[in-house]
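Chemist: This is the structure, below, for whatever I ask next.
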Amino acid sequence: MRTLPLDKFVEKAKAGDLPLGAVITMADEAVTEIAAAAGFDFVWIDGEHGIIDRLTAQRHLVAATAQGLTALYRVPACDHTEIKRVIDLGPDGIIVPMVMDGADAARAVSACRYPCHGGDRGCGYRRSFRYGAWDMKEYLEVSKDYPMVIVQLEHIEAVRHLDEILAVPGLGSVLIGPYDLSMSMGKPGQWTDPEVAAVFDACCQKVKASGKTLGVYTECLFDVWKRRGVDYMAIKNDTNAMLLGFH
């Protein structure tokens with residue numbers, strides 16, 4: 001069985017070595033190459049916010065593969081069609097935003113798995129299948145768990161349904177979105193507010209207890225999130241990195 005970039009990402013996370021990632025919103029694939037040169041372990045190509053379309057996404061994915069980076073792609077919504085548009089491009093993980101309950105999580109997993117594995121993914125063997133160069137039997141075996149299905153926990157209502165989200169078979173990771181989650185509580189960006197911090201703590205404890213991989217996007221309080229047990233962190237997006245150059 002061949003080694004995939006996702007394997008390196010997962011192994012590093014399991015070893016407690018905390019993979020760090022950059023969020024890519026710009027169109028030029030050189031930004032992904034720069035992320036590799038800067039030492040990031042993974043990129044999160046953002047198809048939810050910004051201008052990235054399918055062609056642009058593929059260019060970033062090709063650049064990530066060439067640099068040995070794990071490449072995660074965030075779709076705009078928990079929607080079969082949106083996932084179908086990019087999954088055949090071969091991302092290592094699909095990030096699904098604003099998953100609110102177990103039914104949403106189940107839809108996300110189903111869209112990422114072929115019918116022979118209990119899902120409803122369409123059979124369009126493109127880049128994910130190396131355009132037909134990958135042995136079919138091996139490819140289908142790998143596709144049981146690949147790409148990783150990552151759901152974002154971004155709303156207080158989703159927190160109330162976290163147990164059912166975590167119970168969904170095939171779910172690979174929960175990625176906490178502190179900005180949206182705190183905003184849904186009426187306390188945007190108040191990371192150290194006791195109520196907000198307590199919700200973050202409780203969510204992390206539940207995800208860790210479930211055995212699912214725990215991620216977060218954060219540009220601050222790294223030590224706090226490490227203590228919460230996160231397995232990987234996206235710590236910078238490309239636009240913010242540029243802005244910091246003037247401070």
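By convention in this document, the chains of the structure tokens carry letters A, B, ... by their order, each chain's residues are numbered from 1, and ligands are numbered from 1 in the order they are shown.
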Which residues in region 66-161 of chain A does DSSP call helix (DSSP H, G or I)? List them as JSON, numbers by chain.
Modeler: {"A": [66, 67, 80, 81, 82, 83, 84, 85, 86, 87, 102, 103, 104, 105, 106, 107, 108, 109, 110, 111, 115, 116, 117, 127, 128, 129, 130, 131, 132, 136, 137, 138, 139, 140, 141, 142, 156, 157, 158, 159, 160]}
Chemist: Can you spit out the residues from that selection as an mmCIF file, in the first residue's frame, using C-alpha atoms?
Modeler:
data_model
loop_
_atom_site.group_PDB
_atom_site.id
_atom_site.type_symbol
_atom_site.label_atom_id
_atom_site.label_comp_id
_atom_site.auth_asym_id
_atom_site.auth_seq_id
_atom_site.Cartn_x
_atom_site.Cartn_y
_atom_site.Cartn_z
ATOM 1 C CA ALA A 66 4.798 18.402 -5.384
ATOM 2 C CA GLN A 67 5.962 19.840 -2.047
ATOM 3 C CA HIS A 80 -23.272 16.596 -1.729
ATOM 4 C CA THR A 81 -22.898 18.650 -4.903
ATOM 5 C CA GLU A 82 -20.296 20.974 -3.390
ATOM 6 C CA ILE A 83 -18.261 18.014 -2.166
ATOM 7 C CA LYS A 84 -18.615 16.237 -5.518
ATOM 8 C CA ARG A 85 -17.139 19.245 -7.290
ATOM 9 C CA VAL A 86 -13.772 18.900 -5.569
ATOM 10 C CA ILE A 87 -13.362 15.411 -4.148
ATOM 11 C CA GLY A 102 -25.517 14.107 13.397
ATOM 12 C CA ALA A 103 -27.557 14.199 10.204
ATOM 13 C CA ASP A 104 -25.240 16.839 8.732
ATOM 14 C CA ALA A 105 -22.181 14.818 9.731
ATOM 15 C CA ALA A 106 -23.654 11.668 8.173
ATOM 16 C CA ARG A 107 -24.307 13.528 4.906
ATOM 17 C CA ALA A 108 -20.714 14.751 4.859
ATOM 18 C CA VAL A 109 -19.310 11.251 5.342
ATOM 19 C CA SER A 110 -21.662 9.744 2.759
ATOM 20 C CA ALA A 111 -20.637 12.287 0.123
ATOM 21 C CA PRO A 115 -21.502 3.177 -2.539
ATOM 22 C CA CYS A 116 -19.460 0.003 -1.937
ATOM 23 C CA HIS A 117 -18.411 1.608 1.362
ATOM 24 C CA ARG A 127 -6.953 13.115 -10.186
ATOM 25 C CA SER A 128 -7.888 11.250 -6.989
ATOM 26 C CA PHE A 129 -7.513 8.001 -8.941
ATOM 27 C CA ARG A 130 -4.315 9.274 -10.637
ATOM 28 C CA TYR A 131 -6.363 9.395 -13.843
ATOM 29 C CA GLY A 132 -6.581 5.600 -13.877
ATOM 30 C CA MET A 136 -8.349 -0.119 -8.773
ATOM 31 C CA LYS A 137 -8.352 -2.652 -5.940
ATOM 32 C CA GLU A 138 -5.793 -0.666 -3.954
ATOM 33 C CA TYR A 139 -7.546 2.635 -4.668
ATOM 34 C CA LEU A 140 -10.910 1.336 -3.440
ATOM 35 C CA GLU A 141 -9.282 -0.067 -0.306
ATOM 36 C CA VAL A 142 -7.669 3.292 0.459
ATOM 37 C CA ILE A 156 -23.376 26.671 19.942
ATOM 38 C CA GLU A 157 -26.317 24.669 18.547
ATOM 39 C CA ALA A 158 -23.834 22.170 17.085
ATOM 40 C CA VAL A 159 -22.187 21.889 20.500
ATOM 41 C CA ARG A 160 -25.542 20.725 21.881
#
Chemist: Find the nearest atom pair between each residue of region 82-177 of chain A and region 37-50 of chain A for residues within 12 Å, count only C-alpha atoms, give distances in Å to one decimal, sort rows by chain and ascending number, and present the table as a tab-separated table.
Modeler:
residue	atom	partner	partner_atom	distance
A:Glu82	CA	A:Gly47	CA	9.6
A:Ile83	CA	A:Gly47	CA	10.4
A:Arg85	CA	A:Gly47	CA	10.8
A:Val86	CA	A:Gly47	CA	9.4
A:Pro91	CA	A:Ile45	CA	9.3
A:Asp92	CA	A:Phe42	CA	9.8
A:Gly93	CA	A:Trp44	CA	9.0
A:Ile94	CA	A:Trp44	CA	9.4
A:Ile95	CA	A:Trp44	CA	8.5
A:Val96	CA	A:Glu48	CA	9.2
A:Pro97	CA	A:Glu48	CA	8.1
A:Met98	CA	A:Glu48	CA	10.7
A:Ile150	CA	A:Trp44	CA	11.4
A:Leu175	CA	A:Trp44	CA	11.8
Chemist: Skip region 180-187 of chain A itself and residues of its chain fewer than 6 positions away, then list as a compact mmCIF listing (two decimals) with N, CA, C and O atoms, in the first residue's frame all residues within 9 Å of it, counting only C-alpha atoms.
Modeler:
# COMPACT_ATOMS: atom_id res chain seq x y z
N LEU A 153 -16.90 22.44 13.92
CA LEU A 153 -17.79 22.77 15.04
C LEU A 153 -17.73 24.28 15.22
O LEU A 153 -16.76 24.81 15.75
N GLU A 154 -18.79 24.97 14.77
CA GLU A 154 -18.73 26.43 14.67
C GLU A 154 -19.93 27.15 15.25
O GLU A 154 -20.05 28.36 15.08
N HIS A 155 -20.82 26.43 15.91
CA HIS A 155 -22.04 27.07 16.41
C HIS A 155 -22.45 26.41 17.71
O HIS A 155 -22.29 25.19 17.88
N ILE A 156 -23.00 27.21 18.63
CA ILE A 156 -23.38 26.67 19.94
C ILE A 156 -24.46 25.60 19.80
O ILE A 156 -24.52 24.66 20.60
N GLU A 157 -25.31 25.70 18.77
CA GLU A 157 -26.32 24.67 18.55
C GLU A 157 -25.65 23.35 18.19
O GLU A 157 -26.12 22.28 18.61
N VAL A 159 -22.77 22.40 19.25
CA VAL A 159 -22.19 21.89 20.50
C VAL A 159 -23.22 21.04 21.24
O VAL A 159 -22.89 20.00 21.83
N ASP A 193 -13.16 34.57 27.96
CA ASP A 193 -14.40 34.68 28.72
C ASP A 193 -14.71 33.31 29.34
O ASP A 193 -14.60 32.28 28.66
N GLU A 195 -17.38 31.63 30.08
CA GLU A 195 -18.38 30.81 29.41
C GLU A 195 -17.84 30.26 28.09
O GLU A 195 -18.02 29.06 27.79
N VAL A 196 -17.18 31.10 27.32
CA VAL A 196 -16.62 30.67 26.04
C VAL A 196 -15.53 29.62 26.27
O VAL A 196 -15.51 28.57 25.61
N PHE A 200 -15.24 25.67 24.92
CA PHE A 200 -14.08 25.13 24.21
C PHE A 200 -13.51 23.92 24.94
O PHE A 200 -13.22 22.88 24.33
Chemist: Would you mind reading off the distance between CA of Gln58 (chain A) and CA of Leu89 (chain A), one decimal, in Å?
Modeler: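 These two atoms are separated by 6.1 Å.
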Chemist: For Ala27 (chain A), which residue out of A:Thr218, A:Asn240, A:Thr56, A:Gln205 is the nearest one, using only C-alpha atoms?
Modeler: A:Thr56
Chemist: Please return as a list in words: the residues of region 38-212 of chain A that backbone DSSP assigns to strand (DSSP E).
Modeler: Phe42, Val43, Trp44, Ile45, Asp46, Thr70, Ala71, Leu72, Tyr73, Arg74, Gly93, Ile94, Ile95, Val96, Met148, Val149, Ile150, Val151, Gln152, Leu153, Ser173, Val174, Leu175 and Ile176 of chain A
Chemist: Write the residues of the preceding selection, restricted to C-alpha atoms, as a CSV table (one decimal), in the first residue's frame.
Modeler:
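Below is the file again_39.csv, written as the result:
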chain,number,residue,atom,x,y,z
A,42,PHE,CA,-0.4,21.1,5.8
A,43,VAL,CA,-2.4,23.6,3.8
A,44,TRP,CA,-6.1,24.3,4.2
A,45,ILE,CA,-7.4,25.4,0.8
A,46,ASP,CA,-10.4,27.6,1.4
A,70,THR,CA,-1.0,17.4,3.2
A,71,ALA,CA,-3.7,19.3,1.5
A,72,LEU,CA,-7.1,19.8,3.1
A,73,TYR,CA,-9.9,21.5,1.1
A,74,ARG,CA,-12.9,23.3,2.7
A,93,GLY,CA,-9.1,15.8,3.6
A,94,ILE,CA,-12.5,17.5,3.1
A,95,ILE,CA,-13.4,20.2,5.6
A,96,VAL,CA,-17.1,20.6,5.9
A,148,MET,CA,-10.4,12.2,5.8
A,149,VAL,CA,-13.8,13.7,6.6
A,150,ILE,CA,-13.4,16.7,8.8
A,151,VAL,CA,-16.4,18.5,10.2
A,152,GLN,CA,-16.2,22.0,11.7
A,153,LEU,CA,-17.8,22.8,15.0
A,173,SER,CA,-11.9,14.7,12.7
A,174,VAL,CA,-13.7,17.6,14.4
A,175,LEU,CA,-12.2,21.0,13.7
A,176,ILE,CA,-13.2,23.8,16.1
Chemist: So how many Å separate CA of Gly215 (chain A) and CA of Val230 (chain A), to one decimal?
Modeler: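 CA of Gly215 (chain A) sits 5.4 Å away from CA of Val230 (chain A).
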Chemist: Rounded to one decimal, what separation in Å do you get between CA of Tyr217 (chain A) and CA of Arg121 (chain A)?
Modeler: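 According to the coordinates, CA of Tyr217 (chain A) and CA of Arg121 (chain A) are separated by 27.7 Å.
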